[in-house]
>>> print(open('entry-v8.txt').read())   # compact mmCIF, C-alpha atoms
# COMPACT_ATOMS: atom_id res chain seq x y z
CA MET X 1 39.57 -36.58 4.93
CA LYS X 2 41.21 -34.01 7.12
CA LYS X 3 42.84 -30.80 6.05
CA GLU X 4 45.84 -29.29 7.69
CA SER X 5 43.68 -27.15 9.95
CA GLY X 6 42.12 -30.29 11.35
CA ILE X 7 38.51 -29.43 10.35
CA ASN X 8 36.52 -32.31 8.91
CA LEU X 9 34.91 -30.83 5.76
CA GLN X 10 33.37 -33.95 4.31
CA ASN X 11 31.57 -36.74 6.06
CA PRO X 12 33.26 -39.98 5.03
CA LYS X 13 30.05 -41.87 5.76
CA LYS X 14 27.29 -42.25 3.13
CA ARG X 15 24.48 -39.70 3.40
CA GLU X 16 21.21 -41.48 4.13
CA LEU X 17 17.84 -39.87 3.48
CA SER X 18 14.72 -40.60 5.45
CA PRO X 19 11.83 -42.06 3.38
CA PHE X 20 9.89 -38.79 3.71
CA LEU X 21 12.76 -36.65 2.45
CA ALA X 22 13.45 -39.07 -0.37
CA GLN X 23 9.78 -38.94 -1.35
CA GLN X 24 9.87 -35.16 -1.43
CA MET X 25 12.98 -35.12 -3.58
CA LEU X 26 11.72 -37.62 -6.14
CA TYR X 27 10.36 -34.98 -8.51
CA ASP X 28 13.61 -32.99 -8.47
CA TYR X 29 15.47 -36.25 -8.96
CA SER X 30 13.31 -37.19 -11.95
CA VAL X 31 13.89 -33.87 -13.71
CA LYS X 32 17.58 -33.91 -12.68
CA ASN X 33 17.31 -30.74 -10.66
CA VAL X 34 19.47 -31.92 -7.71
CA ASP X 35 23.14 -31.63 -6.98
CA PRO X 36 25.29 -34.79 -7.30
CA LEU X 37 25.42 -35.47 -3.57
CA ARG X 38 21.63 -35.45 -3.24
CA GLU X 39 21.27 -37.42 -6.47
CA ARG X 40 23.47 -40.16 -5.02
CA ALA X 41 21.55 -40.09 -1.76
CA VAL X 42 18.17 -40.44 -3.54
CA ALA X 43 19.56 -43.24 -5.72
CA ASN X 44 20.70 -45.09 -2.61
CA ALA X 45 17.29 -44.60 -1.01
CA LEU X 46 15.60 -45.96 -4.13
CA GLN X 47 17.67 -49.15 -4.04
CA GLY X 48 16.45 -50.16 -0.63
CA ASN X 49 12.82 -49.00 -0.90
CA PRO X 50 10.51 -50.48 -3.56
CA GLU X 51 7.69 -48.07 -2.62
CA LEU X 52 9.87 -45.14 -3.54
CA GLY X 53 10.64 -46.81 -6.86
CA LYS X 54 6.92 -47.12 -7.50
CA SER X 55 6.39 -43.43 -6.77
CA LEU X 56 9.24 -42.54 -9.11
CA ASP X 57 7.63 -44.64 -11.84
CA ASP X 58 4.37 -42.75 -11.35
CA ILE X 59 6.13 -39.41 -11.74
CA LEU X 60 7.92 -40.65 -14.85
CA TYR X 61 4.66 -41.91 -16.33
CA GLY X 62 3.09 -38.53 -15.61
CA LEU X 63 6.00 -36.70 -17.23
CA SER X 64 5.76 -38.93 -20.29
CA TYR X 65 2.01 -38.32 -20.60
CA CYS X 66 2.49 -34.55 -20.30
CA HIS X 67 5.25 -34.72 -22.89
CA HIS X 68 2.82 -36.33 -25.33
CA LEU X 69 0.02 -33.90 -24.49
CA SER X 70 2.28 -30.93 -25.17
CA LYS X 71 2.34 -31.94 -28.84
CA THR X 72 -1.39 -31.31 -29.13
CA THR X 73 -2.26 -28.74 -31.78
CA LEU X 74 -5.35 -26.75 -32.62
CA THR X 75 -7.51 -27.41 -35.62
CA PRO X 76 -7.12 -24.79 -38.36
CA GLU X 77 -10.76 -23.77 -37.88
CA LEU X 78 -10.26 -22.97 -34.21
CA LEU X 79 -7.01 -21.17 -34.90
CA ASP X 80 -8.77 -19.09 -37.54
CA GLN X 81 -11.62 -18.28 -35.14
CA LEU X 82 -9.22 -17.12 -32.48
CA LYS X 83 -7.22 -14.97 -34.89
CA ARG X 84 -10.27 -13.28 -36.35
CA PRO X 85 -11.20 -9.99 -34.63
CA LEU X 86 -14.45 -9.97 -32.71
CA HIS X 87 -17.62 -8.57 -34.25
CA TRP X 88 -18.88 -5.40 -32.61
CA LYS X 89 -22.06 -7.15 -31.45
CA SER X 90 -20.19 -9.85 -29.61
CA ARG X 91 -17.91 -7.20 -28.10
CA LEU X 92 -20.96 -5.32 -26.87
CA LEU X 93 -22.42 -8.51 -25.43
CA GLN X 94 -19.17 -9.18 -23.61
CA LEU X 95 -19.20 -5.70 -22.16
CA ILE X 96 -22.77 -6.10 -20.95
CA ASN X 97 -22.14 -9.50 -19.41
CA LEU X 98 -21.71 -8.76 -15.70
CA ARG X 99 -20.12 -12.12 -14.99
CA THR X 100 -16.96 -11.06 -16.74
CA TRP X 101 -16.66 -7.85 -14.75
CA ASN X 102 -14.20 -7.33 -12.02
CA LYS X 103 -15.52 -7.77 -8.48
CA ASN X 104 -14.56 -4.24 -7.45
CA ALA X 105 -16.37 -2.80 -10.44
CA LEU X 106 -19.44 -4.87 -9.61
CA TRP X 107 -19.46 -3.66 -6.02
CA MET X 108 -19.06 -0.07 -7.16
CA LEU X 109 -21.93 -0.48 -9.61
CA GLU X 110 -24.07 -1.99 -6.87
CA ALA X 111 -23.24 0.87 -4.50
CA VAL X 112 -24.09 3.48 -7.14
CA PHE X 113 -27.39 1.74 -7.90
CA ILE X 114 -28.44 1.55 -4.26
CA GLY X 115 -27.34 5.13 -3.62
CA SER X 116 -29.33 6.46 -6.56
CA LEU X 117 -32.38 4.51 -5.42
CA MET X 118 -32.13 6.05 -1.95
CA LEU X 119 -31.68 9.51 -3.43
CA VAL X 120 -34.76 9.17 -5.62
CA ALA X 121 -36.78 7.81 -2.70
CA SER X 122 -35.73 10.64 -0.40
CA LEU X 123 -36.62 13.26 -3.00
CA THR X 124 -39.95 11.88 -4.18
CA LEU X 125 -41.66 10.32 -1.16
CA PRO X 126 -43.81 12.67 1.03
CA TRP X 127 -41.91 12.13 4.25
CA GLU X 128 -43.70 14.94 6.17
CA SER X 129 -47.10 13.34 5.77
CA TYR X 130 -45.68 9.97 6.84
CA ILE X 131 -44.11 11.53 9.93
CA THR X 132 -47.30 13.35 10.94
CA LYS X 133 -49.31 10.16 10.45
CA PHE X 134 -46.82 8.27 12.55
CA MET X 135 -46.91 10.92 15.25
CA LYS X 136 -50.69 10.86 15.28
CA SER X 137 -50.71 7.11 15.67
CA GLN X 138 -48.22 7.40 18.55
CA HIS X 139 -50.02 10.36 20.26
CA PRO X 140 -53.60 10.44 19.05
CA GLU X 141 -54.62 13.45 21.24
CA LEU X 142 -52.47 16.51 21.51
CA ILE X 143 -53.19 18.20 24.87
CA ILE X 144 -52.63 21.93 24.75
CA SER X 145 -53.72 22.72 28.29
CA GLU X 146 -55.46 20.91 31.12
CA VAL X 147 -58.26 22.68 33.00
CA SER X 148 -59.66 21.48 36.30
CA ARG X 149 -63.37 20.69 36.15
CA GLU X 150 -63.99 20.21 39.87
CA GLU X 151 -66.05 23.35 40.20
CA THR X 152 -68.11 22.62 37.12
CA LYS X 153 -68.95 19.16 38.50
CA GLN X 154 -70.27 20.63 41.72
CA LYS X 155 -72.37 23.19 39.95
CA PRO X 156 -73.53 22.13 36.55
CA VAL X 157 -72.93 24.78 34.00
CA PRO X 158 -76.02 25.93 32.20
CA THR X 159 -75.21 25.93 28.56
CA THR X 160 -76.94 27.77 25.85
CA PRO X 161 -77.39 26.27 22.45
CA PRO X 162 -75.15 27.70 19.75
CA VAL X 163 -76.61 30.79 18.25
CA GLU X 164 -77.97 30.18 14.85
CA ILE X 165 -76.51 32.39 12.22
CA ASN X 166 -79.39 33.82 10.36
CA ASP X 167 -80.58 37.11 9.16
CA THR X 168 -82.54 37.74 12.37
CA SER X 169 -79.45 37.60 14.64
CA PHE X 170 -77.42 40.51 13.30
CA GLU X 171 -77.44 43.40 10.99
CA TYR X 172 -76.19 42.55 7.58
CA GLU X 173 -73.27 44.99 7.71
CA GLN X 174 -72.08 43.69 11.05
CA LYS X 175 -72.34 40.09 9.93
CA ALA X 176 -69.97 40.70 7.13
CA GLN X 177 -67.37 41.85 9.60
CA LEU X 178 -68.21 39.40 12.31
CA PHE X 179 -67.72 36.13 10.57
CA SER X 180 -64.57 36.66 8.64
CA PRO X 181 -61.87 34.21 9.83
CA ASN X 182 -58.85 35.61 11.60
CA PRO X 183 -55.68 33.49 11.23
CA GLY X 184 -53.71 35.75 13.56
CA PHE X 185 -55.68 34.96 16.70
CA THR X 186 -55.55 31.25 17.34
CA SER X 187 -57.22 29.04 19.91
CA ASN X 188 -53.77 28.40 21.43
CA ARG X 189 -53.48 32.03 22.31
CA LEU X 190 -56.91 32.03 23.85
CA ALA X 191 -56.18 28.83 25.75
CA THR X 192 -53.23 30.48 27.52
CA ALA X 193 -55.44 33.32 28.74
CA LEU X 194 -58.39 31.21 29.90
CA PRO X 195 -56.82 29.24 32.80
CA ARG X 196 -55.48 32.44 34.26
CA LEU X 197 -59.01 33.82 34.33
CA GLY X 198 -60.55 30.60 35.68
CA ALA X 199 -62.40 29.96 32.45
CA SER X 200 -62.70 26.70 30.55
CA ILE X 201 -63.67 25.70 27.04
CA GLU X 202 -66.86 23.67 27.05
CA HIS X 203 -67.24 23.13 23.38
CA GLN X 204 -65.05 23.74 20.36
CA SER X 205 -66.02 23.23 16.76
CA MET X 206 -66.01 24.80 13.32
CA ARG X 207 -68.99 26.52 11.82
CA GLU X 208 -69.84 27.73 8.41
CA THR X 209 -71.06 31.28 7.93
CA ASP X 210 -73.52 32.57 5.41
CA ASP X 211 -70.80 33.51 3.00
CA LYS X 212 -69.50 29.89 3.06
CA GLN X 213 -66.54 30.64 5.28
CA VAL X 214 -65.56 28.25 8.06
CA VAL X 215 -64.74 29.96 11.38
CA PRO X 216 -63.86 28.54 14.80
CA PHE X 217 -66.66 28.39 17.34
CA LEU X 218 -66.05 28.29 21.10
CA ARG X 219 -68.38 27.88 24.02
CA LEU X 220 -66.80 29.07 27.27
CA SER X 221 -67.69 28.85 30.97
CA ILE X 222 -66.24 31.52 33.21
CA PRO X 223 -66.92 32.95 36.72
CA SER X 224 -68.90 36.12 36.54
CA SER X 225 -66.23 38.06 38.43
CA GLN X 226 -63.79 37.38 35.59
CA THR X 227 -66.03 38.43 32.75
CA GLU X 228 -64.74 41.97 32.62
CA ALA X 229 -61.17 40.73 32.73
CA LEU X 230 -61.85 38.37 29.85
CA LEU X 231 -63.48 41.12 27.88
CA SER X 232 -60.56 43.41 28.44
CA GLU X 233 -58.14 40.61 27.55
CA LEU X 234 -59.88 39.90 24.31
CA GLY X 235 -60.45 43.55 23.69
CA THR X 236 -56.74 44.24 24.18
CA HIS X 237 -55.99 41.83 21.44
CA GLY X 238 -58.68 43.35 19.37
CA GLN X 239 -60.45 40.08 18.75
CA LEU X 240 -63.71 40.23 20.65
CA THR X 241 -66.71 40.95 18.57
CA TRP X 242 -69.77 39.61 20.19
CA LEU X 243 -70.83 38.04 23.47
CA SER X 244 -74.06 36.44 24.42
CA ALA X 245 -75.03 35.83 27.99
CA PRO X 246 -78.45 34.88 29.26
CA ALA X 247 -79.65 37.51 31.62
CA GLU X 248 -80.93 35.04 34.22
CA ASN X 249 -77.50 33.40 34.62
CA LYS X 250 -75.81 36.72 34.82
CA GLU X 251 -77.97 37.68 37.77
CA GLU X 252 -77.02 34.56 39.71
CA GLY X 253 -73.44 35.76 39.49
CA ALA X 254 -71.52 32.55 39.86
CA ILE X 255 -70.93 30.93 36.55
CA PHE X 256 -72.61 31.42 33.26
CA GLY X 257 -72.01 30.23 29.77
CA MET X 258 -70.92 32.42 26.93
CA GLU X 259 -70.36 31.91 23.26
CA LEU X 260 -67.67 33.56 21.32
CA TRP X 261 -66.71 33.93 17.67
CA ILE X 262 -63.18 34.93 16.82
CA LEU X 263 -63.19 37.46 14.10
CA LYS X 264 -60.77 39.46 12.10
CA GLU X 265 -61.17 43.05 13.00
CA LYS X 266 -61.72 44.78 16.24
CA PRO X 267 -65.16 46.22 16.48
CA PRO X 268 -65.52 49.75 17.71
CA GLU X 269 -66.85 48.49 21.04
CA PRO X 270 -65.48 45.42 22.86
CA VAL X 271 -68.92 44.15 23.84
CA VAL X 272 -71.60 44.19 21.25
CA PRO X 273 -75.06 43.83 22.71
CA ARG X 274 -77.25 41.41 20.93
CA PRO X 275 -79.19 43.37 18.40
CA PRO X 276 -82.91 43.14 18.48
CA SER X 277 -84.39 40.79 15.96
CA LYS X 278 -85.76 42.18 12.79
CA ASP X 279 -89.18 40.91 13.59
CA LYS X 280 -89.30 43.14 16.67
CA LYS X 281 -88.07 46.08 14.69
CA ARG X 282 -90.79 45.52 12.15
CA LYS X 283 -93.31 45.32 14.91
CA MET I 284 1.38 -12.48 -31.53
CA THR I 285 2.44 -15.81 -32.94
CA ASP I 286 0.39 -18.94 -33.63
CA GLU I 287 2.36 -20.69 -30.92
CA ILE I 288 1.18 -18.21 -28.30
CA ILE I 289 -2.41 -18.61 -29.50
CA ARG I 290 -2.06 -22.39 -29.42
CA LYS I 291 -0.68 -22.40 -25.90
CA SER I 292 -3.32 -19.98 -24.64
CA ALA I 293 -6.10 -22.13 -26.08
CA LEU I 294 -4.49 -25.31 -24.77
CA PHE I 295 -4.33 -23.76 -21.30
CA PHE I 296 -8.09 -23.34 -21.10
CA LEU I 297 -9.00 -26.50 -23.01
CA LEU I 298 -6.94 -28.80 -20.79
CA LEU I 299 -7.91 -26.92 -17.66
CA THR I 300 -11.66 -27.07 -18.23
CA LEU I 301 -12.30 -29.60 -21.04
CA ASP I 302 -15.07 -27.24 -22.08
CA GLU I 303 -14.76 -26.13 -25.69
CA GLU I 304 -17.20 -23.23 -25.75
CA PHE I 305 -15.94 -21.71 -22.53
CA SER I 306 -12.34 -22.13 -23.65
CA LYS I 307 -12.94 -20.30 -26.92
CA GLU I 308 -14.39 -17.26 -25.18
CA ALA I 309 -11.80 -17.27 -22.41
CA THR I 310 -8.96 -17.57 -24.91
CA ARG I 311 -10.34 -14.67 -26.93
CA GLN I 312 -10.50 -12.51 -23.83
CA ALA I 313 -7.02 -13.50 -22.73
CA LEU I 314 -5.60 -12.76 -26.19
CA ILE I 315 -7.27 -9.32 -26.24
CA GLU I 316 -5.72 -8.56 -22.86
CA LEU I 317 -2.38 -9.89 -24.08
CA SER I 318 -2.38 -7.67 -27.15
CA ASN I 319 -3.17 -4.65 -24.98
CA ARG I 320 -0.31 -5.43 -22.65
CA LEU I 321 2.08 -6.04 -25.51
CA LYS I 322 1.24 -2.58 -26.84
CA GLU I 323 1.92 -1.11 -23.40
CA GLN I 324 5.23 -2.95 -23.15
CA ALA I 325 6.24 -1.81 -26.64
CA GLY I 326 6.01 1.76 -25.40
CA ALA I 327 8.14 0.98 -22.36
CA SER I 328 11.93 1.08 -22.45
CA ALA I 329 12.54 -2.52 -21.47
CA LEU I 330 10.42 -5.66 -21.71
CA GLU I 331 9.33 -6.91 -18.34
CA ASP I 332 8.20 -10.40 -19.26
CA SER I 333 8.66 -12.81 -22.11
CA ASP I 334 5.70 -13.25 -24.44
CA LEU I 335 4.87 -16.70 -23.13
CA GLU I 336 5.02 -15.60 -19.51
CA LEU I 337 2.82 -12.61 -20.29
CA ALA I 338 0.37 -14.82 -22.17
CA ILE I 339 0.16 -17.29 -19.28
CA ARG I 340 -0.26 -14.42 -16.87
CA CYS I 341 -3.21 -13.11 -18.90
CA CYS I 342 -4.69 -16.63 -19.08
CA ILE I 343 -4.42 -17.10 -15.33
CA GLU I 344 -6.07 -13.74 -14.66
CA GLN I 345 -8.86 -14.53 -17.10
CA TRP I 346 -9.27 -17.92 -15.47
CA LYS I 347 -9.61 -16.36 -12.03
CA LEU I 348 -12.30 -14.04 -13.33
CA THR I 349 -14.43 -16.65 -15.05
CA ARG I 350 -13.83 -19.96 -13.33
CA SER I 351 -17.16 -19.84 -11.51
CA GLN I 352 -18.91 -20.28 -14.88
CA VAL I 353 -17.02 -23.51 -15.48
CA TYR I 354 -17.71 -24.97 -12.07
CA SER I 355 -21.42 -24.36 -12.56
CA ASN I 356 -21.32 -26.36 -15.83
CA GLN I 357 -19.31 -29.36 -14.68
CA SER I 358 -21.87 -31.78 -16.07
CA GLN I 359 -21.34 -30.47 -19.60
CA LEU I 360 -17.86 -31.90 -20.08
CA ILE I 361 -17.49 -33.14 -23.64
CA SER I 362 -14.75 -34.60 -25.77
CA ILE I 363 -12.91 -31.72 -27.38
CA LYS I 364 -13.00 -31.78 -31.16
CA ALA I 365 -11.16 -28.51 -31.64
CA LEU I 366 -7.82 -30.15 -30.92
CA GLN I 367 -5.63 -32.47 -32.94
CA TRP I 368 -4.48 -34.98 -30.36
CA PRO I 369 -1.19 -36.88 -30.73
CA GLU I 370 -1.47 -40.49 -31.89
CA HIS I 371 -1.92 -43.33 -29.40
CA ILE I 372 -2.96 -41.07 -26.58
CA ASP I 373 -5.93 -41.76 -24.35
CA LEU I 374 -7.78 -38.72 -22.98
CA ASN I 375 -9.61 -40.62 -20.25
CA PRO I 376 -6.73 -40.48 -17.71
CA TRP I 377 -6.61 -36.71 -18.18
CA LYS I 378 -10.36 -36.40 -17.63
CA GLU I 379 -10.03 -38.43 -14.45
CA PHE I 380 -7.01 -36.41 -13.39
CA GLN I 381 -8.83 -33.14 -14.07
CA LYS I 382 -11.63 -34.22 -11.71
CA LYS I 383 -9.44 -35.55 -8.90
CA CYS I 384 -6.59 -33.07 -8.92
CA SER I 385 -6.72 -29.76 -7.09
CA GLU I 386 -6.87 -26.57 -9.15
CA ASN I 387 -3.42 -25.35 -8.14
CA GLU I 388 -1.73 -28.64 -9.00
CA LEU I 389 -3.58 -28.89 -12.31
CA LEU I 390 -2.54 -25.37 -13.22
CA ALA I 391 1.08 -26.07 -12.28
CA VAL I 392 1.30 -29.24 -14.40
CA ILE I 393 -0.29 -27.61 -17.44
CA CYS I 394 1.90 -24.52 -17.33
CA VAL I 395 5.22 -26.21 -16.56
CA HIS I 396 5.12 -29.55 -18.37
CA ILE I 397 2.64 -29.00 -21.21
CA LEU I 398 3.02 -25.34 -22.12
CA GLY I 399 6.73 -25.24 -21.26
CA LEU I 400 6.74 -22.29 -18.85
CA SER I 401 9.59 -22.30 -16.37
CA GLU I 402 8.89 -22.91 -12.71
CA GLY I 403 10.30 -19.51 -11.80
CA ALA I 404 8.04 -17.69 -14.26
CA LEU I 405 4.97 -19.53 -13.00
CA ALA I 406 5.97 -18.73 -9.42
CA ARG I 407 6.10 -15.05 -10.36
CA CYS I 408 2.68 -15.26 -12.05
CA LEU I 409 1.07 -16.93 -9.05
CA ARG I 410 3.15 -15.01 -6.51
CA VAL I 411 4.35 -18.12 -4.71
CA SER I 412 7.80 -19.60 -4.22
CA GLU I 413 9.46 -21.93 -6.71
CA GLY I 414 9.53 -24.66 -4.09
CA THR I 415 5.74 -24.48 -3.86
CA ILE I 416 5.46 -24.86 -7.61
CA ARG I 417 7.82 -27.87 -7.58
CA TYR I 418 5.83 -29.51 -4.79
CA ARG I 419 2.55 -29.00 -6.65
CA VAL I 420 3.97 -30.33 -9.89
CA GLY I 421 5.52 -33.37 -8.21
CA SER I 422 2.35 -34.42 -6.41
CA ALA I 423 0.22 -33.79 -9.51
CA LEU I 424 2.55 -35.84 -11.71
CA ALA I 425 2.46 -38.73 -9.25
CA LEU I 426 -1.34 -38.72 -9.38
CA LEU I 427 -1.37 -38.48 -13.16
CA GLY I 428 1.06 -41.37 -13.39
CA GLN I 429 -1.08 -43.53 -11.12
CA LEU I 430 -4.13 -42.87 -13.30
CA ASN I 431 -2.18 -43.36 -16.49
CA ARG I 432 -0.24 -46.47 -15.61
CA PRO I 433 -2.53 -49.21 -16.98
CA SER I 434 -3.16 -47.49 -20.31
CA ILE I 435 0.27 -46.34 -21.39
CA GLY I 436 2.40 -49.35 -20.85
CA ASN I 437 3.85 -48.87 -24.29
CA ILE I 438 4.97 -45.27 -23.65
CA GLN I 439 8.54 -45.02 -22.49
CA TYR I 440 9.87 -42.04 -20.64
CA SER I 441 12.67 -40.35 -22.55
>>> encode(input="entry-v8.txt", output="structure tokens")
Amino acid sequence: MKKESGINLQNPKKRELSPFLAQQMLYDYSVKNVDPLRERAVANALQGNPELGKSLDDILYGLSYCHHLSKTTLTPELLDQLKRPLHWKSRLLQLINLRTWNKNALWMLEAVFIGSLMLVASLTLPWESYITKFMKSQHPELIISEVSREETKQKPVPTTPPVEINDTSFEYEQKAQLFSPNPGFTSNRLATALPRLGASIEHQSMRETDDKQVVPFLRLSIPSSQTEALLSELGTHGQLTWLSAPAENKEEGAIFGMELWILKEKPPEPVVPRPPSKDKKRK
Amino acid sequence: MTDEIIRKSALFFLLLTLDEEFSKEATRQALIELSNRLKEQAGASALEDSDLELAIRCCIEQWKLTRSQVYSNQSQLISIKALQWPEHIDLNPWKEFQKKCSENELLAVICVHILGLSEGALARCLRVSEGTIRYRVGSALALLGQLNRPSIGNIQYS
């Protein structure tokens, strides 16, 4: 058919559908949801294709089965159960049941739980002791200063045994002053002064005094020319209390051992000569 | 909330899962959610959805939340005694169909051709196009018909 304008608006030929298109349109055809042109085209396709007819029968069987199933009703007991309001216990159980929770809420709950665990752990655990233990295991010896021992190897240093703290060594009044611990003057401070003077620490330990106080005990080796400097250094800081030096080593003049106790208060004199023993006094 | 809405909500879960205990709980939850939303809509100026569409929407959301529980209990499928089935209907083709069919197609068939929801409303609930819904329904019906063919020779399509 042609209009006056000459444009062909309708194809005079029959519209033929491919088998795939016809298959896809079968459901719309079965529920009559297609326009008349397509309906005619699907009907024509069905006439020449028995497979399509079989598929249409399947859809119609399915529709019929669903139509019958839609008439299913509930038993009065079930309907009554569903109408009845829930008991508070079952409501509480439903609230507690995590499976029914939303995923976002579950993730938030999980994050809050983990965060609170970390907070409690950070507040309660003794992290400082763990860190110091770890540092000790990594660096077992902490070196404050390194002193060359070449000279001491060439000339062995005569050492004197540590002076025994007993009543015969000092006067009682002096002893009370001598062996009180001094936290202000540390071995670090002494260690910075010793290399400058050419001295070295031979022995370092802790000793207990008569009044049950633990004080640091040092045994030093130092050139004789630096003795006065050391005494003035210690005396400047007000820490020197007592020095023992064997007279025979002092006469040789090179190196001699000395023992030193670090005490709290500065004595009136920087060098305290060893007091004579009480036995001699008695004699 | 009418009995018809309750019936359709229960039928949604019962036909979808064939698990009576799960369906009872899921229906209860969906109905609670539905009543809450109906109260909210009553306060609004205009109704957004019809009751059936809103009920199906609540059922679908509840199903998405709890379907993992059903899939973990697939071996516990039982014949449902809480329903009054129509006469001369065999439930075995539906059981077979429920196992073989995909979840989307099963949902589309139940909502459109058993519960009577329109294709457009279901498309809005699932946020897909109407053409997608029609395709799912068509392929699901073809499968259901294949499974149903030997047993319902006496049923005529009207």
>>> closest_residue(input="entry-v8.txt", among="X:Asn97, X:Asn104, X:Gln81, X:Ser137", to="Ala365 (chain I)", atoms="all atoms listed in the file")
X:Gln81
>>> closest_atom_pairs(input="entry-v8.txt", of="chain I", to="chain X", cutoff="6 Å", atoms="all atoms listed in the file", output="JSON lines")
{"residue": "I:Ala365", "atom": "CA", "partner": "X:Thr75", "partner_atom": "CA", "distance": 5.5}
{"residue": "I:Leu366", "atom": "CA", "partner": "X:Leu74", "partner_atom": "CA", "distance": 4.5}
{"residue": "I:Gln367", "atom": "CA", "partner": "X:Thr73", "partner_atom": "CA", "distance": 5.2}
{"residue": "I:Trp368", "atom": "CA", "partner": "X:Thr72", "partner_atom": "CA", "distance": 5.0}
{"residue": "I:Pro369", "atom": "CA", "partner": "X:Thr72", "partner_atom": "CA", "distance": 5.8}
{"residue": "I:His396", "atom": "CA", "partner": "X:Cys66", "partner_atom": "CA", "distance": 6.0}
{"residue": "I:Ile397", "atom": "CA", "partner": "X:Ser70", "partner_atom": "CA", "distance": 4.4}
{"residue": "I:Gly421", "atom": "CA", "partner": "X:Tyr27", "partner_atom": "CA", "distance": 5.1}
{"residue": "I:Leu424", "atom": "CA", "partner": "X:Gly62", "partner_atom": "CA", "distance": 4.8}
{"residue": "I:Ala425", "atom": "CA", "partner": "X:Ile59", "partner_atom": "CA", "distance": 4.5}
{"residue": "I:Leu427", "atom": "CA", "partner": "X:Gly62", "partner_atom": "CA", "distance": 5.1}
{"residue": "I:Gly428", "atom": "CA", "partner": "X:Asp58", "partner_atom": "CA", "distance": 4.1}
{"residue": "I:Gln429", "atom": "CA", "partner": "X:Asp58", "partner_atom": "CA", "distance": 5.5}
{"residue": "I:Tyr440", "atom": "CA", "partner": "X:Ser64", "partner_atom": "CA", "distance": 5.2}
>>> write_last_selection(input="entry-v8.txt", atoms="C-alpha atoms", output="short mmCIF file (atom, residue, chain, number, x, y, z; two decimals), keeping the file's coordinate frame")
data_model
loop_
_atom_site.label_atom_id
_atom_site.label_comp_id
_atom_site.auth_asym_id
_atom_site.auth_seq_id
_atom_site.Cartn_x
_atom_site.Cartn_y
_atom_site.Cartn_z
CA ALA I 365 -11.16 -28.51 -31.64
CA LEU I 366 -7.82 -30.15 -30.92
CA GLN I 367 -5.63 -32.47 -32.94
CA TRP I 368 -4.48 -34.98 -30.36
CA PRO I 369 -1.19 -36.88 -30.73
CA HIS I 396 5.12 -29.55 -18.37
CA ILE I 397 2.64 -29.00 -21.21
CA GLY I 421 5.52 -33.37 -8.21
CA LEU I 424 2.55 -35.84 -11.71
CA ALA I 425 2.46 -38.73 -9.25
CA LEU I 427 -1.37 -38.48 -13.16
CA GLY I 428 1.06 -41.37 -13.39
CA GLN I 429 -1.08 -43.53 -11.12
CA TYR I 440 9.87 -42.04 -20.64
#
>>> residues_around(input="entry-v8.txt", residues="Arg350 (chain I)", least_positions_apart="5", cutoff="10 Å", atoms="all atoms listed in the file", output="list in words")
Thr300, Phe305, Ala309, Gln345 and Ser355 of chain I
>>> residues_around(input="entry-v8.txt", residues="Ile289 (chain I)", least_positions_apart="3", cutoff="10 Å", atoms="all atoms listed in the file", output="number ranges by chain")
X: 74, 79, 82-83; I: 284-286, 292-295, 310-311, 313-314, 335, 338
>>> write_last_selection(input="entry-v8.txt", atoms="C-alpha atoms", output="mmCIF file, in the frame of the given file")
data_model
loop_
_atom_site.group_PDB
_atom_site.id
_atom_site.type_symbol
_atom_site.label_atom_id
_atom_site.label_comp_id
_atom_site.auth_asym_id
_atom_site.auth_seq_id
_atom_site.Cartn_x
_atom_site.Cartn_y
_atom_site.Cartn_z
ATOM 1 C CA LEU X 74 -5.350 -26.750 -32.620
ATOM 2 C CA LEU X 79 -7.010 -21.170 -34.900
ATOM 3 C CA LEU X 82 -9.220 -17.120 -32.480
ATOM 4 C CA LYS X 83 -7.220 -14.970 -34.890
ATOM 5 C CA MET I 284 1.380 -12.480 -31.530
ATOM 6 C CA THR I 285 2.440 -15.810 -32.940
ATOM 7 C CA ASP I 286 0.390 -18.940 -33.630
ATOM 8 C CA SER I 292 -3.320 -19.980 -24.640
ATOM 9 C CA ALA I 293 -6.100 -22.130 -26.080
ATOM 10 C CA LEU I 294 -4.490 -25.310 -24.770
ATOM 11 C CA PHE I 295 -4.330 -23.760 -21.300
ATOM 12 C CA THR I 310 -8.960 -17.570 -24.910
ATOM 13 C CA ARG I 311 -10.340 -14.670 -26.930
ATOM 14 C CA ALA I 313 -7.020 -13.500 -22.730
ATOM 15 C CA LEU I 314 -5.600 -12.760 -26.190
ATOM 16 C CA LEU I 335 4.870 -16.700 -23.130
ATOM 17 C CA ALA I 338 0.370 -14.820 -22.170
#
>>> closest_residue(input="entry-v8.txt", among="X:Val34, X:Leu95, X:Tyr29, X:Ala45", to="Glu16 (chain X)", atoms="only C-alpha atoms")
X:Ala45
>>> atom_distance(input="entry-v8.txt", atom1="CA of Arg407 (chain I)", atom2="CA of Glu336 (chain I)")
9.2 Å
>>> atom_distance(input="entry-v8.txt", atom1="CA of Asp373 (chain I)", atom2="CA of Val353 (chain I)")
23.1 Å
>>> atom_distance(input="entry-v8.txt", atom1="CA of Asp334 (chain I)", atom2="CA of Cys408 (chain I)")
12.9 Å
>>> residues_around(input="entry-v8.txt", residues="Arg417 (chain I)", least_positions_apart="5", cutoff="10 Å", atoms="only C-alpha atoms", output="list in words")
Gln24, Met25, Tyr27 and Asp28 of chain X; Glu388, Ala391, Val392, Val395, Glu402, Gly403, Ala406, Ser412, Ser422 and Ala423 of chain I
